[in-house]
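Next comes final06.pdb, with PDB, C-alpha atoms, pLDDT in the B column.
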ATOM      1  CA  MET A   2     119.282 122.828  74.853  1.00 51.00           C
ATOM      2  CA  PRO A   3     116.528 124.648  72.937  1.00 56.00           C
ATOM      3  CA  SER A   4     115.237 123.156  69.719  1.00 62.00           C
ATOM      4  CA  GLN A   5     116.225 124.659  66.395  1.00 59.00           C
ATOM      5  CA  ARG A   6     112.666 125.862  65.823  1.00 54.00           C
ATOM      6  CA  SER A   7     112.478 127.751  69.128  1.00 52.00           C
ATOM      7  CA  PHE A   8     115.918 129.261  68.511  1.00 51.00           C
ATOM      8  CA  LEU A   9     114.846 130.540  65.088  1.00 43.00           C
ATOM      9  CA  LEU A  10     111.664 131.975  66.629  1.00 42.00           C
ATOM     10  CA  ILE A  11     113.731 133.830  69.239  1.00 53.00           C
ATOM     11  CA  CYS A  12     116.087 135.195  66.553  1.00 38.00           C
ATOM     12  CA  ALA A  13     113.145 136.334  64.402  1.00 42.00           C
ATOM     13  CA  SER A  14     111.619 138.100  67.417  1.00 43.00           C
ATOM     14  CA  ILE A  15     114.886 139.923  68.134  1.00 44.00           C
ATOM     15  CA  VAL A  16     115.138 141.078  64.520  1.00 39.00           C
ATOM     16  CA  LEU A  17     111.546 142.300  64.566  1.00 38.00           C
ATOM     17  CA  VAL A  18     112.039 144.276  67.795  1.00 39.00           C
ATOM     18  CA  VAL A  19     115.294 145.846  66.573  1.00 42.00           C
ATOM     19  CA  CYS A  20     113.880 146.730  63.154  1.00 41.00           C
ATOM     20  CA  VAL A  21     110.694 148.255  64.565  1.00 41.00           C
ATOM     21  CA  GLN A  22     112.692 150.317  67.041  1.00 42.00           C
ATOM     22  CA  GLN A  23     115.013 151.549  64.284  1.00 45.00           C
ATOM     23  CA  GLY A  24     112.063 152.307  61.993  1.00 50.00           C
ATOM     24  CA  LEU A  25     110.489 154.661  64.525  1.00 59.00           C
ATOM     25  CA  SER A  26     113.486 156.909  64.983  1.00 81.00           C
ATOM     26  CA  ILE A  27     116.659 157.958  63.274  1.00 91.00           C
ATOM     27  CA  LYS A  28     119.559 160.105  64.397  1.00 95.00           C
ATOM     28  CA  CYS A  29     121.119 162.575  61.984  1.00 95.00           C
ATOM     29  CA  TRP A  30     123.946 165.075  61.962  1.00 96.00           C
ATOM     30  CA  GLU A  31     122.761 168.682  61.994  1.00 95.00           C
ATOM     31  CA  CYS A  32     125.103 171.464  60.921  1.00 96.00           C
ATOM     32  CA  ARG A  33     125.799 174.126  58.295  1.00 96.00           C
ATOM     33  CA  SER A  34     129.206 174.703  56.752  1.00 96.00           C
ATOM     34  CA  ASP A  35     128.653 178.479  56.703  1.00 94.00           C
ATOM     35  CA  GLU A  36     128.490 178.315  60.528  1.00 94.00           C
ATOM     36  CA  ASP A  37     130.924 175.416  61.106  1.00 95.00           C
ATOM     37  CA  PRO A  38     133.582 174.561  58.477  1.00 94.00           C
ATOM     38  CA  LYS A  39     133.766 170.975  59.836  1.00 94.00           C
ATOM     39  CA  CYS A  40     130.314 170.397  58.319  1.00 95.00           C
ATOM     40  CA  GLY A  41     131.742 170.408  54.780  1.00 94.00           C
ATOM     41  CA  ASP A  42     133.371 167.542  52.901  1.00 92.00           C
ATOM     42  CA  PRO A  43     135.380 165.870  54.259  1.00 92.00           C
ATOM     43  CA  PHE A  44     132.951 165.794  57.198  1.00 94.00           C
ATOM     44  CA  ASP A  45     134.399 166.052  60.709  1.00 94.00           C
ATOM     45  CA  ASN A  46     131.847 165.217  63.407  1.00 92.00           C
ATOM     46  CA  SER A  47     134.349 165.343  66.275  1.00 91.00           C
ATOM     47  CA  THR A  48     132.730 168.432  67.808  1.00 89.00           C
ATOM     48  CA  LEU A  49     129.093 167.684  66.927  1.00 91.00           C
ATOM     49  CA  VAL A  50     126.404 165.772  68.783  1.00 90.00           C
ATOM     50  CA  ILE A  51     124.129 163.571  66.685  1.00 94.00           C
ATOM     51  CA  THR A  52     120.461 164.646  66.827  1.00 93.00           C
ATOM     52  CA  ASP A  53     117.530 162.328  67.566  1.00 94.00           C
ATOM     53  CA  CYS A  54     115.024 163.298  64.857  1.00 91.00           C
ATOM     54  CA  THR A  55     112.055 162.325  67.042  1.00 87.00           C
ATOM     55  CA  GLN A  56     112.956 165.439  69.058  1.00 82.00           C
ATOM     56  CA  SER A  57     112.784 167.683  65.961  1.00 79.00           C
ATOM     57  CA  PRO A  58     110.127 170.398  66.157  1.00 76.00           C
ATOM     58  CA  GLN A  59     106.791 169.969  64.385  1.00 75.00           C
ATOM     59  CA  LEU A  60     106.695 172.066  61.219  1.00 75.00           C
ATOM     60  CA  GLU A  61     103.755 174.446  60.960  1.00 73.00           C
ATOM     61  CA  HIS A  62     103.340 173.967  57.199  1.00 74.00           C
ATOM     62  CA  LEU A  63     103.517 170.118  57.487  1.00 77.00           C
ATOM     63  CA  PRO A  64     101.130 169.251  60.340  1.00 81.00           C
ATOM     64  CA  GLY A  65     101.453 165.646  61.527  1.00 80.00           C
ATOM     65  CA  VAL A  66     104.589 164.953  59.461  1.00 84.00           C
ATOM     66  CA  LYS A  67     107.552 163.665  61.465  1.00 87.00           C
ATOM     67  CA  ALA A  68     111.248 163.662  60.553  1.00 89.00           C
ATOM     68  CA  THR A  69     112.045 160.065  59.546  1.00 90.00           C
ATOM     69  CA  MET A  70     115.128 160.534  57.369  1.00 89.00           C
ATOM     70  CA  CYS A  71     118.433 162.356  57.231  1.00 93.00           C
ATOM     71  CA  ARG A  72     119.289 164.986  54.656  1.00 93.00           C
ATOM     72  CA  LYS A  73     122.501 166.327  53.184  1.00 95.00           C
ATOM     73  CA  ILE A  74     122.507 169.292  50.834  1.00 95.00           C
ATOM     74  CA  ARG A  75     125.573 170.291  48.844  1.00 95.00           C
ATOM     75  CA  GLN A  76     125.221 173.674  47.166  1.00 95.00           C
ATOM     76  CA  LYS A  77     127.505 175.741  44.986  1.00 94.00           C
ATOM     77  CA  ALA A  78     126.477 179.350  44.493  1.00 91.00           C
ATOM     78  CA  HIS A  79     128.680 182.098  43.074  1.00 86.00           C
ATOM     79  CA  GLY A  80     131.704 179.752  43.175  1.00 88.00           C
ATOM     80  CA  LYS A  81     131.354 178.910  46.875  1.00 92.00           C
ATOM     81  CA  TRP A  82     130.429 175.458  48.255  1.00 94.00           C
ATOM     82  CA  ARG A  83     128.056 175.125  51.228  1.00 96.00           C
ATOM     83  CA  TYR A  84     126.901 171.992  53.042  1.00 97.00           C
ATOM     84  CA  PHE A  85     123.779 171.488  55.132  1.00 97.00           C
ATOM     85  CA  ARG A  86     123.039 168.343  57.171  1.00 96.00           C
ATOM     86  CA  SER A  87     119.785 167.810  59.089  1.00 94.00           C
ATOM     87  CA  CYS A  88     116.769 165.649  59.829  1.00 93.00           C
ATOM     88  CA  ALA A  89     114.405 165.384  56.860  1.00 90.00           C
ATOM     89  CA  TYR A  90     110.621 165.477  56.980  1.00 87.00           C
ATOM     90  CA  MET A  91     110.079 164.607  53.313  1.00 82.00           C
ATOM     91  CA  GLY A  92     112.050 162.906  50.561  1.00 77.00           C
ATOM     92  CA  GLU A  93     112.803 159.493  49.152  1.00 76.00           C
ATOM     93  CA  PRO A  94     114.844 156.886  51.000  1.00 71.00           C
ATOM     94  CA  GLY A  95     117.426 154.883  49.078  1.00 66.00           C
ATOM     95  CA  ILE A  96     116.060 152.621  46.365  1.00 62.00           C
ATOM     96  CA  GLU A  97     117.132 149.067  45.425  1.00 56.00           C
ATOM     97  CA  GLY A  98     119.910 148.696  47.951  1.00 56.00           C
ATOM     98  CA  ASP A  99     121.322 152.200  47.556  1.00 61.00           C
ATOM     99  CA  GLU A 100     121.925 153.864  50.879  1.00 75.00           C
ATOM    100  CA  ARG A 101     120.525 157.208  49.819  1.00 78.00           C
ATOM    101  CA  PHE A 102     118.484 158.971  47.155  1.00 86.00           C
ATOM    102  CA  CYS A 103     119.885 162.101  45.533  1.00 89.00           C
ATOM    103  CA  LEU A 104     118.539 164.775  43.221  1.00 90.00           C
ATOM    104  CA  MET A 105     120.902 167.110  41.377  1.00 93.00           C
ATOM    105  CA  ARG A 106     119.959 170.423  39.852  1.00 92.00           C
ATOM    106  CA  THR A 107     121.885 173.132  38.036  1.00 91.00           C
ATOM    107  CA  GLY A 108     120.822 176.636  37.192  1.00 87.00           C
ATOM    108  CA  THR A 109     121.962 179.885  35.710  1.00 82.00           C
ATOM    109  CA  PHE A 110     124.819 181.863  37.247  1.00 79.00           C
ATOM    110  CA  ASN A 111     126.840 178.715  38.052  1.00 82.00           C
ATOM    111  CA  ILE A 112     124.342 177.337  40.629  1.00 91.00           C
ATOM    112  CA  PHE A 113     124.553 173.625  41.536  1.00 94.00           C
ATOM    113  CA  LEU A 114     122.484 171.749  44.130  1.00 94.00           C
ATOM    114  CA  GLU A 115     122.663 168.129  45.282  1.00 94.00           C
ATOM    115  CA  TYR A 116     119.916 167.092  47.709  1.00 93.00           C
ATOM    116  CA  CYS A 117     120.258 163.623  49.293  1.00 92.00           C
ATOM    117  CA  THR A 118     118.006 161.811  51.769  1.00 92.00           C
ATOM    118  CA  CYS A 119     118.578 158.508  53.556  1.00 91.00           C
ATOM    119  CA  ASN A 120     117.143 156.383  56.335  1.00 88.00           C
ATOM    120  CA  SER A 121     119.454 153.374  56.176  1.00 84.00           C
ATOM    121  CA  LYS A 122     121.188 153.984  59.524  1.00 88.00           C
ATOM    122  CA  ASP A 123     121.828 156.621  62.156  1.00 93.00           C
ATOM    123  CA  GLY A 124     124.145 159.331  60.851  1.00 92.00           C
ATOM    124  CA  CYS A 125     123.722 158.310  57.200  1.00 91.00           C
ATOM    125  CA  ASN A 126     124.098 161.964  56.127  1.00 91.00           C
ATOM    126  CA  THR A 127     127.867 161.959  56.690  1.00 87.00           C
ATOM    127  CA  ALA A 128     129.753 160.869  53.604  1.00 67.00           C
ATOM    128  CA  ALA A 129     129.591 161.842  49.988  1.00 55.00           C
ATOM    129  CA  LEU A 130     129.533 158.181  48.923  1.00 41.00           C
ATOM    130  CA  PRO A 131     127.539 155.297  50.401  1.00 39.00           C
ATOM    131  CA  SER A 132     129.356 152.937  52.726  1.00 37.00           C
ATOM    132  CA  PHE A 133     128.529 149.524  54.189  1.00 39.00           C
ATOM    133  CA  ALA A 134     128.162 149.008  57.900  1.00 40.00           C
ATOM    134  CA  PRO A 135     126.295 146.076  59.468  1.00 44.00           C
ATOM    135  CA  SER A 136     123.061 147.110  61.169  1.00 45.00           C
ATOM    136  CA  ASN A 137     122.243 146.365  64.786  1.00 45.00           C
ATOM    137  CA  GLY A 138     119.535 143.943  63.641  1.00 47.00           C
ATOM    138  CA  PHE A 139     122.003 142.023  61.519  1.00 45.00           C
ATOM    139  CA  LEU A 140     124.441 141.722  64.436  1.00 42.00           C
ATOM    140  CA  ALA A 141     121.635 140.797  66.862  1.00 47.00           C
ATOM    141  CA  VAL A 142     120.873 137.757  64.731  1.00 44.00           C
ATOM    142  CA  LEU A 143     124.353 136.837  63.559  1.00 40.00           C
ATOM    143  CA  VAL A 144     126.060 136.616  66.967  1.00 43.00           C
ATOM    144  CA  PRO A 145     123.545 134.250  68.659  1.00 51.00           C
ATOM    145  CA  LEU A 146     123.237 132.195  65.476  1.00 41.00           C
ATOM    146  CA  LEU A 147     126.987 131.670  65.273  1.00 38.00           C
ATOM    147  CA  ALA A 148     127.187 130.919  68.999  1.00 45.00           C
ATOM    148  CA  TRP A 149     124.411 128.319  68.712  1.00 48.00           C
ATOM    149  CA  ARG A 150     125.780 126.760  65.530  1.00 47.00           C
ATOM    150  CA  PHE A 151     129.430 126.560  66.583  1.00 44.00           C
ATOM    151  CA  GLY A 152     129.041 126.523  70.381  1.00 53.00           C
TER     152      GLY A 152
END

Written as C-alpha coordinates, how would this file's structure read?
Amino acid sequence: MPSQRSFLLICASIVLVVCVQQGLSIKCWECRSDEDPKCGDPFDNSTLVITDCTQSPQLEHLPGVKATMCRKIRQKAHGKWRYFRSCAYMGEPGIEGDERFCLMRTGTFNIFLEYCTCNSKDGCNTAALPSFAPSNGFLAVLVPLLAWRFG
(Lines of atoms letter the chains of each structure in order from A and count residues from 1; the text may use other names and numbers.)
(Lines give C-alpha, C1' and ligand atoms only; values in the text may rest on other atoms or scores of the structure.)
Protein backbone atom coordinates (compact mmCIF):
# COMPACT_ATOMS: atom_id res chain seq x y z
CA MET A 1 0.00 0.00 0.00
CA PRO A 2 1.46 3.39 -0.97
CA SER A 3 2.27 5.88 1.75
CA GLN A 4 0.04 8.88 2.30
CA ARG A 5 2.78 11.21 1.06
CA SER A 6 3.22 9.38 -2.25
CA PHE A 7 -0.55 9.23 -2.73
CA LEU A 8 -0.85 12.99 -2.23
CA LEU A 9 2.02 13.54 -4.68
CA ILE A 10 0.23 11.41 -7.29
CA CYS A 11 -3.04 13.31 -6.75
CA ALA A 12 -1.26 16.68 -7.04
CA SER A 13 0.37 15.53 -10.29
CA ILE A 14 -2.99 14.49 -11.74
CA VAL A 15 -4.52 17.86 -10.85
CA LEU A 16 -1.60 19.70 -12.42
CA VAL A 17 -1.82 17.70 -15.67
CA VAL A 18 -5.60 18.15 -15.92
CA CYS A 19 -5.46 21.87 -15.14
CA VAL A 20 -2.65 22.57 -17.60
CA GLN A 21 -4.48 20.66 -20.33
CA GLN A 22 -7.70 22.58 -19.64
CA GLY A 23 -5.82 25.90 -19.54
CA LEU A 24 -4.45 25.42 -23.05
CA SER A 25 -7.77 24.87 -24.77
CA ILE A 26 -11.44 25.53 -24.34
CA LYS A 27 -14.47 24.43 -26.32
CA CYS A 28 -17.28 26.88 -26.97
CA TRP A 29 -20.65 26.90 -28.68
CA GLU A 30 -20.67 28.87 -31.93
CA CYS A 31 -23.95 30.05 -33.42
CA ARG A 32 -26.09 33.09 -34.25
CA SER A 33 -29.78 33.32 -33.47
CA ASP A 34 -30.45 35.18 -36.73
CA GLU A 35 -29.26 32.03 -38.56
CA ASP A 36 -30.44 29.40 -36.04
CA PRO A 37 -33.30 30.19 -33.60
CA LYS A 38 -32.01 27.47 -31.22
CA CYS A 39 -29.06 29.77 -30.45
CA GLY A 40 -31.29 32.15 -28.46
CA ASP A 41 -32.38 31.85 -24.83
CA PRO A 42 -33.35 29.26 -23.82
CA PHE A 43 -30.34 27.73 -25.59
CA ASP A 44 -30.84 24.41 -27.39
CA ASN A 45 -27.55 22.80 -28.41
CA SER A 46 -29.13 19.55 -29.62
CA THR A 47 -28.20 20.23 -33.25
CA LEU A 48 -24.87 22.00 -32.69
CA VAL A 49 -21.34 20.67 -32.39
CA ILE A 50 -19.12 22.31 -29.78
CA THR A 51 -16.06 24.04 -31.29
CA ASP A 52 -12.47 23.54 -30.11
CA CYS A 53 -11.18 27.13 -29.92
CA THR A 54 -7.60 26.04 -30.62
CA GLN A 55 -8.86 25.37 -34.16
CA SER A 56 -10.20 28.94 -34.52
CA PRO A 57 -8.55 30.94 -37.31
CA GLN A 58 -5.83 33.47 -36.52
CA LEU A 59 -7.21 37.01 -36.70
CA GLU A 60 -5.32 39.35 -39.01
CA HIS A 61 -5.77 42.39 -36.76
CA LEU A 62 -4.67 40.44 -33.61
CA PRO A 63 -1.47 38.62 -34.66
CA GLY A 64 -0.35 35.98 -32.15
CA VAL A 65 -3.54 36.20 -30.07
CA LYS A 66 -5.34 32.89 -29.57
CA ALA A 67 -8.95 32.24 -28.58
CA THR A 68 -8.84 31.23 -24.90
CA MET A 69 -12.37 32.06 -23.75
CA CYS A 70 -15.99 31.71 -24.76
CA ARG A 71 -18.25 34.62 -25.56
CA LYS A 72 -21.99 35.20 -25.50
CA ILE A 73 -23.52 38.39 -26.82
CA ARG A 74 -27.15 39.30 -26.22
CA GLN A 75 -28.30 42.26 -28.29
CA LYS A 76 -31.60 44.07 -28.62
CA ALA A 77 -31.90 46.41 -31.58
CA HIS A 78 -35.13 47.92 -32.88
CA GLY A 79 -37.15 45.69 -30.51
CA LYS A 80 -35.61 42.42 -31.72
CA TRP A 81 -33.34 40.16 -29.62
CA ARG A 82 -30.29 38.47 -31.19
CA TYR A 83 -27.80 36.08 -29.61
CA PHE A 84 -24.24 35.32 -30.69
CA ARG A 85 -22.07 32.58 -29.16
CA SER A 86 -18.43 32.00 -30.14
CA CYS A 87 -14.81 31.61 -29.11
CA ALA A 88 -13.33 34.82 -27.72
CA TYR A 89 -9.87 36.19 -28.39
CA MET A 90 -10.05 39.04 -25.87
CA GLY A 91 -12.05 39.83 -22.75
CA GLU A 92 -12.05 39.24 -19.02
CA PRO A 93 -12.63 35.84 -17.46
CA GLY A 94 -14.88 35.59 -14.41
CA ILE A 95 -13.63 37.36 -11.31
CA GLU A 96 -13.76 36.21 -7.66
CA GLY A 97 -15.53 32.93 -8.23
CA ASP A 98 -18.01 34.22 -10.80
CA GLU A 99 -18.21 31.97 -13.82
CA ARG A 100 -18.24 34.80 -16.32
CA PHE A 101 -17.60 38.52 -16.76
CA CYS A 102 -20.27 40.66 -18.39
CA LEU A 103 -20.47 44.21 -19.68
CA MET A 104 -23.83 45.83 -20.39
CA ARG A 105 -24.38 48.86 -22.57
CA THR A 106 -27.45 50.78 -23.67
CA GLY A 107 -27.78 53.38 -26.37
CA THR A 108 -30.21 55.55 -28.22
CA PHE A 109 -33.03 54.06 -30.27
CA ASN A 110 -33.70 51.29 -27.72
CA ILE A 111 -30.32 49.52 -28.21
CA PHE A 112 -29.14 47.11 -25.49
CA LEU A 113 -25.99 44.96 -25.51
CA GLU A 114 -24.74 42.40 -22.99
CA TYR A 115 -21.28 41.00 -23.73
CA CYS A 116 -20.11 38.08 -21.54
CA THR A 117 -16.85 36.12 -21.58
CA CYS A 118 -15.89 33.02 -19.60
CA ASN A 119 -13.20 30.37 -19.41
CA SER A 120 -14.43 28.35 -16.44
CA LYS A 121 -15.33 25.20 -18.42
CA ASP A 122 -16.05 23.93 -21.90
CA GLY A 123 -19.34 25.28 -23.21
CA CYS A 124 -19.59 28.01 -20.55
CA ASN A 125 -21.34 30.31 -23.06
CA THR A 126 -24.64 28.42 -22.80
CA ALA A 127 -26.83 29.78 -20.04
CA ALA A 128 -27.92 33.23 -19.05
CA LEU A 129 -27.01 32.56 -15.41
CA PRO A 130 -23.92 30.86 -13.99
CA SER A 131 -24.25 27.26 -12.91
CA PHE A 132 -22.06 24.91 -10.87
CA ALA A 133 -20.60 21.78 -12.37
CA PRO A 134 -17.58 19.94 -10.94
CA SER A 135 -14.50 20.20 -13.14
CA ASN A 136 -12.58 17.22 -14.46
CA GLY A 137 -9.65 18.15 -12.21
CA PHE A 138 -11.87 18.14 -9.15
CA LEU A 139 -13.25 14.70 -10.03
CA ALA A 140 -9.77 13.36 -10.87
CA VAL A 141 -8.69 14.10 -7.32
CA LEU A 142 -11.89 13.36 -5.44
CA VAL A 143 -12.50 9.82 -6.74
CA PRO A 144 -9.03 8.37 -5.95
CA LEU A 145 -8.94 10.22 -2.63
CA LEU A 146 -12.26 8.75 -1.55
CA ALA A 147 -11.25 5.29 -2.78
CA TRP A 148 -7.98 5.46 -0.82
CA ARG A 149 -9.58 6.89 2.32
CA PHE A 150 -12.58 4.56 2.47
CA GLY A 151 -11.23 1.58 0.52

Residue by residue, what does the PyMOL selection byres ((chain A and resi 103-117) around 10) grab here? Present the result as number ranges by chain. A: 71-86, 89, 92-95, 101-102, 118-119, 126, 129

Check the smallest atom-to-atom distance from each of A:Thr69, A:Asp42, A:Ser47, A:Gln59 to Ser87 (chain A) using all atoms listed in the file, then report the winner.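 Ranked by minimum distance to Ser87 (chain A), first place goes to A:Thr69.
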
Go ahead and compute the interatomic distance for CA of Asn120 (chain A) and CA of Ala68 (chain A), in Å to one decimal.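 So the two atoms, CA of Asn120 (chain A) and CA of Ala68 (chain A), lie 10.3 Å apart.
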
Tell me, in Å to one decimal, how far CA of Cys29 (chain A) is from CA of Lys122 (chain A). 8.9 Å

What separation in Å, quoted to one decimal, exists between CA of Thr127 (chain A) and CA of Gly41 (chain A)?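 So the answer is 9.5 Å.
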
Which residue gives the smallest distance to Met91 (chain A) among A:Gly65, A:Pro43, A:Gly124, A:Pro38, with all atoms listed in the file counted?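 Under the stated criterion, the closest residue is A:Gly65.
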
Which protein, DNA or RNA residues have an atom at most 6 Å from (117.3, 160.6, 64.8), counting all atoms listed in the file? List them as a list in words.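 Every polymer residue passing the test: Ser26, Ile27, Lys28, Cys29, Thr52, Asp53, Cys54 and Thr55 of chain A.
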
If you count only C-alpha atoms, the residue of A:Cys125, A:Thr48, A:Tyr90, A:Arg33 closest to Glu61 (chain A) turns out to be A:Tyr90
